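A short write-up of the structure that comes next.
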Amino acid sequence: MPKDEKLDQEPLTYAELKKSLDDTRYELELFKKNHSALSARIQKIITSFPLGLIIVNTDQRIEALNSRAVAAFHFEPAELAKAPVSTIFPDFESFDLSTEPTRVIGRRKNGELFQCEICVNKLMMHGEERYFVNVQDVTERHRLEQLRRDLVAMVSHDIRQPLTAIRLVLDMVLRGSYGEMNARGEKNVNTAVTSIDYLISLVKNLLDSEKVDSGTIEIIPAETTVGAIINKALVTANGAKQKASVSIESDFTNDVIVADEDRVAQVLINLISNAVKYSPENSTVKVLAGIEGLNAKFRVVDSGPGVPKESQYLIFERYQQLEQHKSIKTQGFGLGLAICKAFVEKHGGKIWVESEEGKGSCFCFTIPTSPA
């Protein structure tokens, strides 16, 4: 029979034990150094974090905060150590996870309340769960938002109504309600009407932009036709045309779609007006529309200077305007195309431009033939 294997190993020698102990001691020291370095790095990240950061334990008590949070709430870290979160957030007894910014009320040391936004994440720290609360003081932003709302209200009530009244009087003058006019007078009144219409359009764009920003755009889908939308847009666009020598041609099918006729027509009016404005004298702007698959596709084609490829993604953003061609004298706020984009996307469609410099532009948008 084979000999039994040894069950017990021979004991380690003193030298082997000493070496093993030294190796263990070295590994422990290395671990301590790494742990200290990691702790210092975490502390540095927390301290230099560009937003206020508050660390809260699962008992909803504050454990630490960085310098940005100290500046926001005016408490020293020691004053908030182990304090309940309601000390600085009076409306909160406990936090829920919220990776999206949430507007809340904060309270400073002197009792002053202020607007702030928080995001809450749960992380493991030293083997225990902690809430990491990012805080941003938005008092100034809140003030600017209120100023913007006040401005929009002022524009709506104190500017739009007088402009509309002036426009009405000018129309009566042109119709001869106040007597006959000579050719020069009629030309000057028509110039005034064009200027008033331009101001009214700026005011309308500003009000629509506010609705875009606040998410209160109202879309009322109803059965209509591609032709009805095109014709409504052409009547307005021809009436407000800035260049008499630029003609507008159209080619479209008359398919039935379900959409907000006025909003889609408004998109077309804006695109046609821009096309006319940028087109050379004695040229033609084409308005084309038809059904492609499950969408109605609209196109406005001009022979203007075109849009550089590197700038095409910008033109649908608010307050973005490309450098104007020397022949273009009319300025604006850069809101029109952003509003077009909002109206199209509210329908579930998309809008884009196909263009090359010096070869004109084709502004396109699609909307579903019926709501999803």
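Within each chain, counting starts at residue 1; across the structure tokens, chains are named A, B, ... in the order shown, with ligands numbered 1 upward in that order.
Of the residues in region 38-119 of chain A, those that DSSP places in alpha helix (DSSP H) on the basis of the backbone are A:Leu38, A:Ser39, A:Ala40, A:Arg41, A:Ile42, A:Gln43, A:Lys44, A:Ile45, A:Ile46, A:Thr47, A:Ser48, A:Ser67, A:Arg68, A:Ala69, A:Val70, A:Ala71, A:Ala72, A:Phe73, A:Pro77, A:Ala78, A:Glu79, A:Leu80.
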Dump as an mmCIF file, in the first residue's frame, selection limited to C-alpha atoms:
data_model
loop_
_atom_site.group_PDB
_atom_site.id
_atom_site.type_symbol
_atom_site.label_atom_id
_atom_site.label_comp_id
_atom_site.auth_asym_id
_atom_site.auth_seq_id
_atom_site.Cartn_x
_atom_site.Cartn_y
_atom_site.Cartn_z
ATOM 1 C CA LEU A 38 -8.042 58.340 -1.190
ATOM 2 C CA SER A 39 -9.698 60.144 1.737
ATOM 3 C CA ALA A 40 -7.715 63.288 0.973
ATOM 4 C CA ARG A 41 -8.700 63.069 -2.686
ATOM 5 C CA ILE A 42 -12.390 62.633 -1.815
ATOM 6 C CA GLN A 43 -12.151 65.572 0.589
ATOM 7 C CA LYS A 44 -10.553 67.693 -2.135
ATOM 8 C CA ILE A 45 -13.299 66.766 -4.627
ATOM 9 C CA ILE A 46 -16.025 67.627 -2.115
ATOM 10 C CA THR A 47 -14.340 70.919 -1.182
ATOM 11 C CA SER A 48 -13.757 72.044 -4.768
ATOM 12 C CA SER A 67 -17.550 75.674 1.068
ATOM 13 C CA ARG A 68 -20.220 76.419 -1.577
ATOM 14 C CA ALA A 69 -22.927 75.149 0.765
ATOM 15 C CA VAL A 70 -21.428 77.185 3.624
ATOM 16 C CA ALA A 71 -21.585 80.306 1.415
ATOM 17 C CA ALA A 72 -25.214 79.599 0.497
ATOM 18 C CA PHE A 73 -26.582 78.914 3.980
ATOM 19 C CA PRO A 77 -19.920 73.108 9.187
ATOM 20 C CA ALA A 78 -19.696 72.542 12.956
ATOM 21 C CA GLU A 79 -23.016 74.329 13.469
ATOM 22 C CA LEU A 80 -24.814 71.909 11.166
#
Legend entry - DSSP strand (DSSP E or B) residues within region 133-341 of chain A, listed as a PyMOL selection string: chain A and resi 133-137+222-225+247-252+256-259+284-292+295-302
Legend entry - 7 Å contact set for region 250-256 of chain A, only C-alpha atoms, chain neighbours under 2 positions out, as a ChimeraX atom specification: /A:223-227,248,286-290
Go ahead and save the picked residues with all heavy atoms, as a short mmCIF file (atom, residue, chain, number, x, y, z; two decimals), in the first residue's frame.
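See selection-v3.cif below for the written result:
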data_model
loop_
_atom_site.label_atom_id
_atom_site.label_comp_id
_atom_site.auth_asym_id
_atom_site.auth_seq_id
_atom_site.Cartn_x
_atom_site.Cartn_y
_atom_site.Cartn_z
N GLU A 223 -59.14 68.16 -38.20
CA GLU A 223 -59.00 67.73 -39.59
C GLU A 223 -58.89 68.94 -40.51
O GLU A 223 -59.69 69.87 -40.44
CB GLU A 223 -60.20 66.87 -39.98
CG GLU A 223 -60.04 66.21 -41.34
CD GLU A 223 -61.17 65.24 -41.65
OE1 GLU A 223 -61.20 64.15 -41.01
OE2 GLU A 223 -62.00 65.58 -42.51
N THR A 224 -57.89 68.92 -41.36
CA THR A 224 -57.69 69.99 -42.34
C THR A 224 -57.03 69.36 -43.57
O THR A 224 -56.96 68.14 -43.68
CB THR A 224 -56.83 71.13 -41.76
OG1 THR A 224 -56.70 72.17 -42.74
CG2 THR A 224 -55.45 70.63 -41.38
N THR A 225 -56.55 70.18 -44.48
CA THR A 225 -55.87 69.66 -45.66
C THR A 225 -54.55 70.41 -45.86
O THR A 225 -54.38 71.54 -45.37
CB THR A 225 -56.71 69.82 -46.93
OG1 THR A 225 -56.90 71.21 -47.20
CG2 THR A 225 -58.06 69.12 -46.79
N VAL A 226 -53.66 69.76 -46.57
CA VAL A 226 -52.39 70.40 -46.90
C VAL A 226 -52.65 71.69 -47.67
O VAL A 226 -52.04 72.73 -47.42
CB VAL A 226 -51.50 69.44 -47.73
CG1 VAL A 226 -50.26 70.17 -48.24
CG2 VAL A 226 -51.11 68.22 -46.90
N GLY A 227 -53.61 71.64 -48.60
CA GLY A 227 -53.92 72.81 -49.40
C GLY A 227 -54.44 73.97 -48.57
O GLY A 227 -54.10 75.14 -48.82
N ILE A 248 -43.81 84.19 -55.37
CA ILE A 248 -43.98 82.97 -54.58
C ILE A 248 -44.82 82.00 -55.40
O ILE A 248 -45.95 82.30 -55.79
CB ILE A 248 -44.67 83.26 -53.23
CG1 ILE A 248 -43.88 84.29 -52.44
CG2 ILE A 248 -44.81 81.97 -52.43
CD1 ILE A 248 -44.57 84.74 -51.16
N LYS A 286 -40.23 78.94 -53.80
CA LYS A 286 -41.16 77.83 -54.06
C LYS A 286 -41.63 77.21 -52.75
O LYS A 286 -40.81 76.94 -51.85
CB LYS A 286 -40.48 76.78 -54.93
CG LYS A 286 -40.13 77.27 -56.32
CD LYS A 286 -39.46 76.17 -57.15
CE LYS A 286 -39.13 76.68 -58.55
NZ LYS A 286 -38.48 75.64 -59.38
N VAL A 287 -42.92 76.98 -52.67
CA VAL A 287 -43.53 76.32 -51.50
C VAL A 287 -44.10 75.00 -51.99
O VAL A 287 -45.03 74.97 -52.81
CB VAL A 287 -44.63 77.20 -50.87
CG1 VAL A 287 -45.19 76.51 -49.64
CG2 VAL A 287 -44.09 78.57 -50.53
N LEU A 288 -43.55 73.89 -51.49
CA LEU A 288 -43.92 72.56 -51.96
C LEU A 288 -44.42 71.72 -50.78
O LEU A 288 -43.90 71.84 -49.66
CB LEU A 288 -42.72 71.88 -52.60
CG LEU A 288 -41.94 72.72 -53.64
CD1 LEU A 288 -40.66 72.01 -54.04
CD2 LEU A 288 -42.82 73.00 -54.85
N ALA A 289 -45.39 70.87 -51.02
CA ALA A 289 -45.91 70.03 -49.94
C ALA A 289 -46.58 68.80 -50.51
O ALA A 289 -47.11 68.81 -51.62
CB ALA A 289 -46.89 70.82 -49.07
N GLY A 290 -46.55 67.73 -49.73
CA GLY A 290 -47.19 66.48 -50.12
C GLY A 290 -47.02 65.44 -49.02
O GLY A 290 -46.42 65.71 -47.97
#
Legend entry - Gly215 (chain A) environment, 12 Å, only C-alpha atoms, sequence neighbours closer than 3 positions dropped, as JSON, numbers by chain: {"A": [208, 209, 210, 211, 212, 218, 219, 339, 342, 343, 346]}
Legend entry - All residues 6 Å or closer to Cys116 (chain A), only C-alpha atoms, same chain fewer than 2 positions away omitted, as an NGL selection string: :A and (103-104 or 136-138)
Inset, instruction - Find, counting only C-alpha atoms, the residue in A:Ala222, A:Leu147, A:Val85, A:Ala244 that gets nearest to Thr58 (chain A). - result: A:Val85
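Summary of the local environment: counting only C-alpha atoms, residues at most 10 Å from Val246 (chain A), other than itself and those fewer than 5 positions away along its chain, are Asn238, Lys241, Ala275, Val276, Lys277, Ser279, Pro280, Glu281, Asn282, Ser283, Thr284 and Val285 of chain A.
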Legend entry - Distance query Ala372 (chain A) at most 9 Å, only C-alpha atoms, self and fewer than 2 positions along chain excluded, as a ChimeraX atom specification: /A:348,368,370
Inset, instruction - Between A:Glu16, A:Asp59, A:Glu261, A:Asp302, single out the one closest to Glu129 (chain A), counting only C-alpha atoms. - result: A:Asp59
Inset, instruction - Select, from A:Ala265, A:Asn205, A:Lys243, A:Asn274, the residue with the minimum atom-to-atom distance to Ala228 (chain A), counting only C-alpha atoms. - result: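 The shortest atom-to-atom distance to Ala228 (chain A) comes from A:Ala265.
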Inset, instruction - Find the distance between CA of Ser201 (chain A) and CA of Asn270 (chain A) and write it in Å to one decimal. - result: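 If I compute the distance from CA of Ser201 (chain A) to CA of Asn270 (chain A), I get 9.8 Å.
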